[in-house]
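Inspection log for the structure reproduced underneath, given as structure tokens.
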There are 2 protein chains.
Amino acid sequence: MRAPTIRDVAERAGVSKSLVSLVLRGSDQVRPEKREAVLRAARELGYRPNAAARSLSEQRTRTVGVLLNDLRNPWFVDLLDGLNSLLHTGGLHMLLADARLNRRAGQDPADPLLDLRVDGLVVVGTLPDPAALGAVAARMPVVLAGAREPVPPGVDQVAGDDEQGARLVTEHLIGLGHRRIAHLAGYGAVGELRRRSFEATMRAHGLAERAVVETGDMTEEGGYRATVRLLSRPDRPTAVFAVNDITCVGALSAAEELGLRVPHDVSVVGYDNTSVSRLRHLWLTTVDNAGHEVGRRAARFLLDRFERPGGEGRLHLAAPTLEIRGTTAPPA
Amino acid sequence: MRAPTIRDVAERAGVSKSLVSLVLRGSDQVRPEKREAVLRAARELGYRPNAAARSLSEQRTRTVGVLLNDLRNPWFVDLLDGLNSLLHTGGLHMLLADARLNRRAGQDPADPLLDLRVDGLVVVGTLPDPAALGAVAARMPVVLAGAREPVPPGVDQVAGDDEQGARLVTEHLIGLGHRRIAHLAGYGAVGELRRRSFEATMRAHGLAERAVVETGDMTEEGGYRATVRLLSRPDRPTAVFAVNDITCVGALSAAEELGLRVPHDVSVVGYDNTSVSRLRHLWLTTVDNAGHEVGRRAARFLLDRFERPGGEGRLHLAAPTLEIRGTTAPPA
DNA sequence: GACAGGTTCTGGAACGGTCCAAAGAGGGGC
DNA sequence: GCCCCTCTTTGGACCGTTCCAGAACCTGTC
């Protein structure tokens with residue numbers, strides 16, 4: 001019971017395999033009755049083209065690899081969604097690989113993707129080995145999505161605009177009347193950008209010396225500890241802007257434990273609009289990173305490069321939006 | 001700058017392509033110095049075998065498709081982790097497809113995987129079209145992981161033991177001294193199993209008529225509303241066992257809003273041990289579904305079937321464990 | 001009826017591997 | 001020196017497509 005091949009279809013339809021190939025690829029140089037016969041035969045046999053054979057012959061796989069660094073990171077999903085929607089209309093498949101899973105198994109996480117000869121690569125989140133990426137980029141289009149890092153030449157980059165996001169948050173808090181505002185900073189390029197923008201915005205409003213920055217490790221625990229320190233100060237801030245939602249949840253716990261009511265006594269804001277922030281129990285004010293738009297744009301860049309290879313690496317920053325929920329209010 | 005082929009390696013090493021193939025597939029029928037020469041040539045050229053060509057020739061892809069129904073469902077990740085670890089040692093790759101993403105784009109979500117001629121299929125979570133699955137199962141090994149549904153013949157099934165999990169929770173609560181216990185039920189096969197087991201355990205402890213069941217929709221909102229109803233009753237339960245963590249978070253909000261302290265006034269328990277349950281702010285007592293073990297077992301089943309095709313579909317239930325955290329205590 | 005020019009169709013050579021039958025090399029026994 | 005046997009190595013068929021050059025078939029013109 002082998003799967004039917006293009007030859008089986010040809011035989012059944014009484015034509016050559018070349019004609020079948022022509023029909024299936026939508027050529028208009030075929031007489032309608034032959035086309036019908038071929039399509040009917042294909043349908044009756046349940047024919048599915050063999051992707052391996054096609055890839056071998058066409059020298060491309062119509063598949064792009066997506067390298068995630070951790071499937072647990074929930075905001076990737078929106079990005080994948082956007083990515084997929086556009087790739088699909090381009091007739092391309094997505095092949096997911098989790099770098100964390102593969103790294104544990106040894107080897108470069110991109111290896112399986114490269115062995116399968118993907119036509120392009122989307123690296124989501126922090127990139128693995130920058131040197132290795134450069135070598136890959138020389139062979140195929142590569143887009144870095146959802147991260148801000150120095151990239152090898154010729155690599156496109158798409159991410160949320162962290163500076164704008166941090167500005168939105170800070171101005172929201174200032175607009176509510178807060179003056180003494182703290183930032184729970186993170187690390188990495190993203191953490192840096194958010195912190196800088198927070199500081200710049202405070203400065204722009206003449207609040208430079210009311211700004212406080214505590215550095216955490218982007219975990220709930222870190223957010224908790226940093227907030228305990230912050231809120232125990234004599235001149236405690238009336239608002240806390242956390243580098244991400246999870247840190248913000250830590251801040252929330254800390255405030256609660258110190259007997260402060262959110263948002264009455266202290267406002268807190270997260271970043272990323274994760275599902276956690278949408279729990280009505282927490283209902284965090286946060287920033288939506290426009291993951292879907294980031295994904296779409298990454299796909300766009302990739303499709304562009306398939307058509308016109310080469311050229312400089314481009315950078316696109318998607319505009320984030322502020323999600324005002326229940327953890328921010330004017331100071332008491 | 002084409003990628004080097006096996007012929008390039010052969011030429012550089014001064015041997016035939018057959019010998020290169022032999023060496024690369026680890027044959028021991030090769031003189032050591034030739035082996036060395038081949039490996040050196042391959043290394044120098046940066047040769048990577050072309051997966052498409054190999055698949056075509058071998059008539060197998062060394063790839064198994066994993067069909068998820070929603071990447072957002074966090075407990076899949078542990079399962080994938082377990083799956084991947086075992087598949088990897090078998091020299092197999094994992095190809096992820098999100099049914100939700102693909103369904104939106106039209107067509108059967110498994111189509112892309114079938115076109116790529118995966119050697120086997122793991123369906124994670126609720127299965128798509130059961131009829132279609134039967135047709136697939138006739139052609140390749142199929143395992144359903146993490147769901148309890150009637151499956152076509154010859155399909156293996158692996159899942160957490162929901163009956164045991166629900167029993168663990170119920171006995172934990174009874175052991176703490178609770179008597180009037182409510183269950184926030186869900187739907188589907190899993191919801192059914194958990195509810196039935198809750199009822200059976202209550203009955204086994206002579207508490208049949210102290211058991212209350214409210215049916216929700218497995219969302220936070222549903223959990224919230226059902227809990228408000230429950231806790232407003234004159235004979236309100238002292239413990240609530242929710243069908244999943246997210247429902248449990250809704251229950252937590254409801255209790256808090258009604259001025260009841262958890263776990264002092266009311267204990268609540270979730271199910272799934274999701275990352276949400278581990279937030280120290282919530283710190284839910286819950287059930288760990290042994291996702292990693294489920295994944296490993298699914299891989300085991302698949303590998304078995306590659307070696308010995310055919311035979312009855314098997315069922316394996318992984319033993320869940322109770323994660324006792326901060327939301328359960330003896331009744332006041 | 002031959003011919004030109006267009007439209008349809010076909011055979012066969014890729015693509016890059018695997019695998020098998022058979023050739024070649026080397027060694028031992030007579 | 002020849003034969004036989006084992007261990008290595010090789011050529012070539014094959015996997016299922018695409019694609020190109022050219023064959024076959026029309027249709028209309030002179």
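Ordering of the structure tokens sets the chain letters (A, B, ...); residue numbers start at 1 within each chain; ligands are numbered from 1 in the order shown.
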
Return as a tab-separated table the residues of chain A lying at most 9 Å from chain C, together with the closest atom-to-atom pair for each and the distance in Å to one decimal, counting only C-alpha atoms (C1' of nucleotides), with rows in chain order and ascending residue number.
residue	atom	partner	partner_atom	distance
A:Val15	CA	C:DC9	C1'	8.5
A:Ser16	CA	C:DT10	C1'	6.4
A:Lys17	CA	C:DT10	C1'	8.5
A:Ser18	CA	C:DT10	C1'	7.0
A:Leu19	CA	C:DC9	C1'	6.9
A:Gln29	CA	C:DT8	C1'	6.9
A:Val30	CA	C:DT8	C1'	6.4
A:Arg31	CA	C:DT8	C1'	7.3
A:Ala53	CA	C:DC15	C1'	8.5
A:Ser55	CA	C:DC15	C1'	8.6
A:Leu56	CA	C:DC15	C1'	5.1
A:Ser57	CA	C:DC15	C1'	4.7
A:Glu58	CA	C:DC15	C1'	7.7
A:Gln59	CA	C:DC15	C1'	7.3

Using only all heavy atoms, please write the residues we just selected to a file, as a compact mmCIF listing (two decimals), in the first residue's frame.
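Writing the result to selection-v5.txt gives the following:
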# COMPACT_ATOMS: atom_id res chain seq x y z
N VAL A 15 -2.11 10.28 -19.13
CA VAL A 15 -1.23 11.33 -19.63
C VAL A 15 0.18 11.09 -19.09
O VAL A 15 0.40 10.11 -18.38
CB VAL A 15 -1.70 12.73 -19.17
CG1 VAL A 15 -3.09 13.02 -19.71
CG2 VAL A 15 -1.67 12.84 -17.66
N SER A 16 1.10 11.95 -19.42
CA SER A 16 2.47 11.79 -18.92
C SER A 16 2.59 12.44 -17.56
O SER A 16 1.81 13.31 -17.20
CB SER A 16 3.44 12.45 -19.87
OG SER A 16 3.34 13.85 -19.75
N LYS A 17 3.60 12.01 -16.80
CA LYS A 17 3.79 12.59 -15.48
C LYS A 17 4.09 14.09 -15.58
O LYS A 17 3.73 14.86 -14.69
CB LYS A 17 4.90 11.87 -14.73
CG LYS A 17 6.27 12.05 -15.32
CD LYS A 17 7.31 11.30 -14.51
CE LYS A 17 8.68 11.42 -15.19
NZ LYS A 17 8.93 12.70 -15.86
N SER A 18 4.73 14.50 -16.66
CA SER A 18 5.04 15.93 -16.82
C SER A 18 3.76 16.74 -16.85
O SER A 18 3.68 17.83 -16.28
CB SER A 18 5.80 16.16 -18.13
OG SER A 18 6.96 15.37 -18.15
N LEU A 19 2.76 16.21 -17.53
CA LEU A 19 1.51 16.94 -17.62
C LEU A 19 0.85 17.04 -16.25
O LEU A 19 0.30 18.08 -15.88
CB LEU A 19 0.56 16.28 -18.62
CG LEU A 19 -0.69 17.11 -18.88
CD1 LEU A 19 -0.34 18.43 -19.54
CD2 LEU A 19 -1.69 16.36 -19.73
N GLN A 29 -1.38 26.32 -19.57
CA GLN A 29 -1.04 25.81 -20.90
C GLN A 29 -1.58 24.40 -21.08
O GLN A 29 -0.93 23.58 -21.74
CB GLN A 29 0.48 25.78 -21.07
CG GLN A 29 1.18 27.10 -20.87
CD GLN A 29 1.07 27.98 -22.10
OE1 GLN A 29 0.02 28.58 -22.37
NE2 GLN A 29 2.15 28.03 -22.85
N VAL A 30 -2.68 24.10 -20.45
CA VAL A 30 -3.20 22.73 -20.48
C VAL A 30 -4.66 22.76 -20.93
O VAL A 30 -5.42 23.62 -20.48
CB VAL A 30 -3.11 22.09 -19.09
CG1 VAL A 30 -3.76 20.71 -19.08
CG2 VAL A 30 -1.66 22.01 -18.63
N ARG A 31 -5.03 21.85 -21.83
CA ARG A 31 -6.43 21.81 -22.27
C ARG A 31 -7.33 21.41 -21.11
O ARG A 31 -7.01 20.49 -20.36
CB ARG A 31 -6.59 20.81 -23.41
CG ARG A 31 -6.13 21.33 -24.75
CD ARG A 31 -7.11 20.99 -25.88
NE ARG A 31 -7.50 19.59 -25.87
CZ ARG A 31 -6.77 18.59 -26.36
NH1 ARG A 31 -5.58 18.84 -26.90
NH2 ARG A 31 -7.20 17.36 -26.31
N ALA A 53 10.66 14.91 -2.24
CA ALA A 53 11.03 14.88 -3.65
C ALA A 53 10.97 16.28 -4.25
O ALA A 53 11.85 16.70 -5.00
CB ALA A 53 10.11 13.94 -4.41
N SER A 55 11.28 19.14 -2.68
CA SER A 55 12.36 19.97 -2.16
C SER A 55 13.66 19.65 -2.89
O SER A 55 14.42 20.54 -3.24
CB SER A 55 12.57 19.68 -0.68
OG SER A 55 11.41 19.91 0.04
N LEU A 56 13.87 18.37 -3.09
CA LEU A 56 15.12 17.95 -3.72
C LEU A 56 15.21 18.54 -5.12
O LEU A 56 16.24 19.08 -5.53
CB LEU A 56 15.14 16.42 -3.79
CG LEU A 56 16.41 15.80 -4.34
CD1 LEU A 56 17.60 16.26 -3.49
CD2 LEU A 56 16.31 14.29 -4.31
N SER A 57 14.12 18.46 -5.82
CA SER A 57 14.13 18.92 -7.19
C SER A 57 14.14 20.45 -7.30
O SER A 57 14.87 21.02 -8.11
CB SER A 57 12.90 18.36 -7.89
OG SER A 57 12.82 18.82 -9.20
N GLU A 58 13.34 21.08 -6.47
CA GLU A 58 13.23 22.54 -6.55
C GLU A 58 14.39 23.26 -5.87
O GLU A 58 14.53 24.47 -6.01
CB GLU A 58 11.94 23.01 -5.88
CG GLU A 58 10.71 22.90 -6.74
CD GLU A 58 9.55 23.66 -6.09
OE1 GLU A 58 9.38 23.51 -4.87
OE2 GLU A 58 8.85 24.38 -6.80
N GLN A 59 15.12 22.53 -5.09
CA GLN A 59 16.22 23.12 -4.32
C GLN A 59 15.72 24.15 -3.32
O GLN A 59 16.41 25.11 -3.03
CB GLN A 59 17.25 23.77 -5.25
CG GLN A 59 17.94 22.79 -6.14
CD GLN A 59 18.92 21.93 -5.37
OE1 GLN A 59 18.53 21.02 -4.64
NE2 GLN A 59 20.19 22.21 -5.52

| said: Would you mind listing, as a VMD selection string, all residues of chain A that have at least one atom within 9 Å of chain B, where only C-alpha atoms are what counts? | reply: chain A and resid 1 48 to 56 61 71 to 72 74 77 80 to 81 84 to 85 88 to 89 93 to 97 101 to 102 104 to 105 112 114 to 117 139 220 to 221 246 249 to 250 252 to 254 276 279 to 282

| task | Taking only C-alpha atoms (C1' of nucleotides) into account, report as a count of residues only which residues of chain D lie within 8 Å of chain A. | result | 4

| request: From stretch 264-321 of chain B, collect each residue whose DSSP state is strand (DSSP E) and return the set as a list in words. | output: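 DSSP on the backbone gives strand (DSSP E) at Ser267, Val268, Val269, Thr286, Val287, Asp288, Leu315, His316, Leu317, Ala318 and Thr321 of chain B.
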
| message | One number please: atom CA of B:Ile174 to atom CA of B:Leu207, in Å, one decimal. | response |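 That distance, rounded to one decimal, is 9.4 Å.
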
| field | For A:Ser267, the nearest of the candidates A:Leu322, A:Val136, A:Leu302, A:Ile181, counting only C-alpha atoms | value | A:Ile181
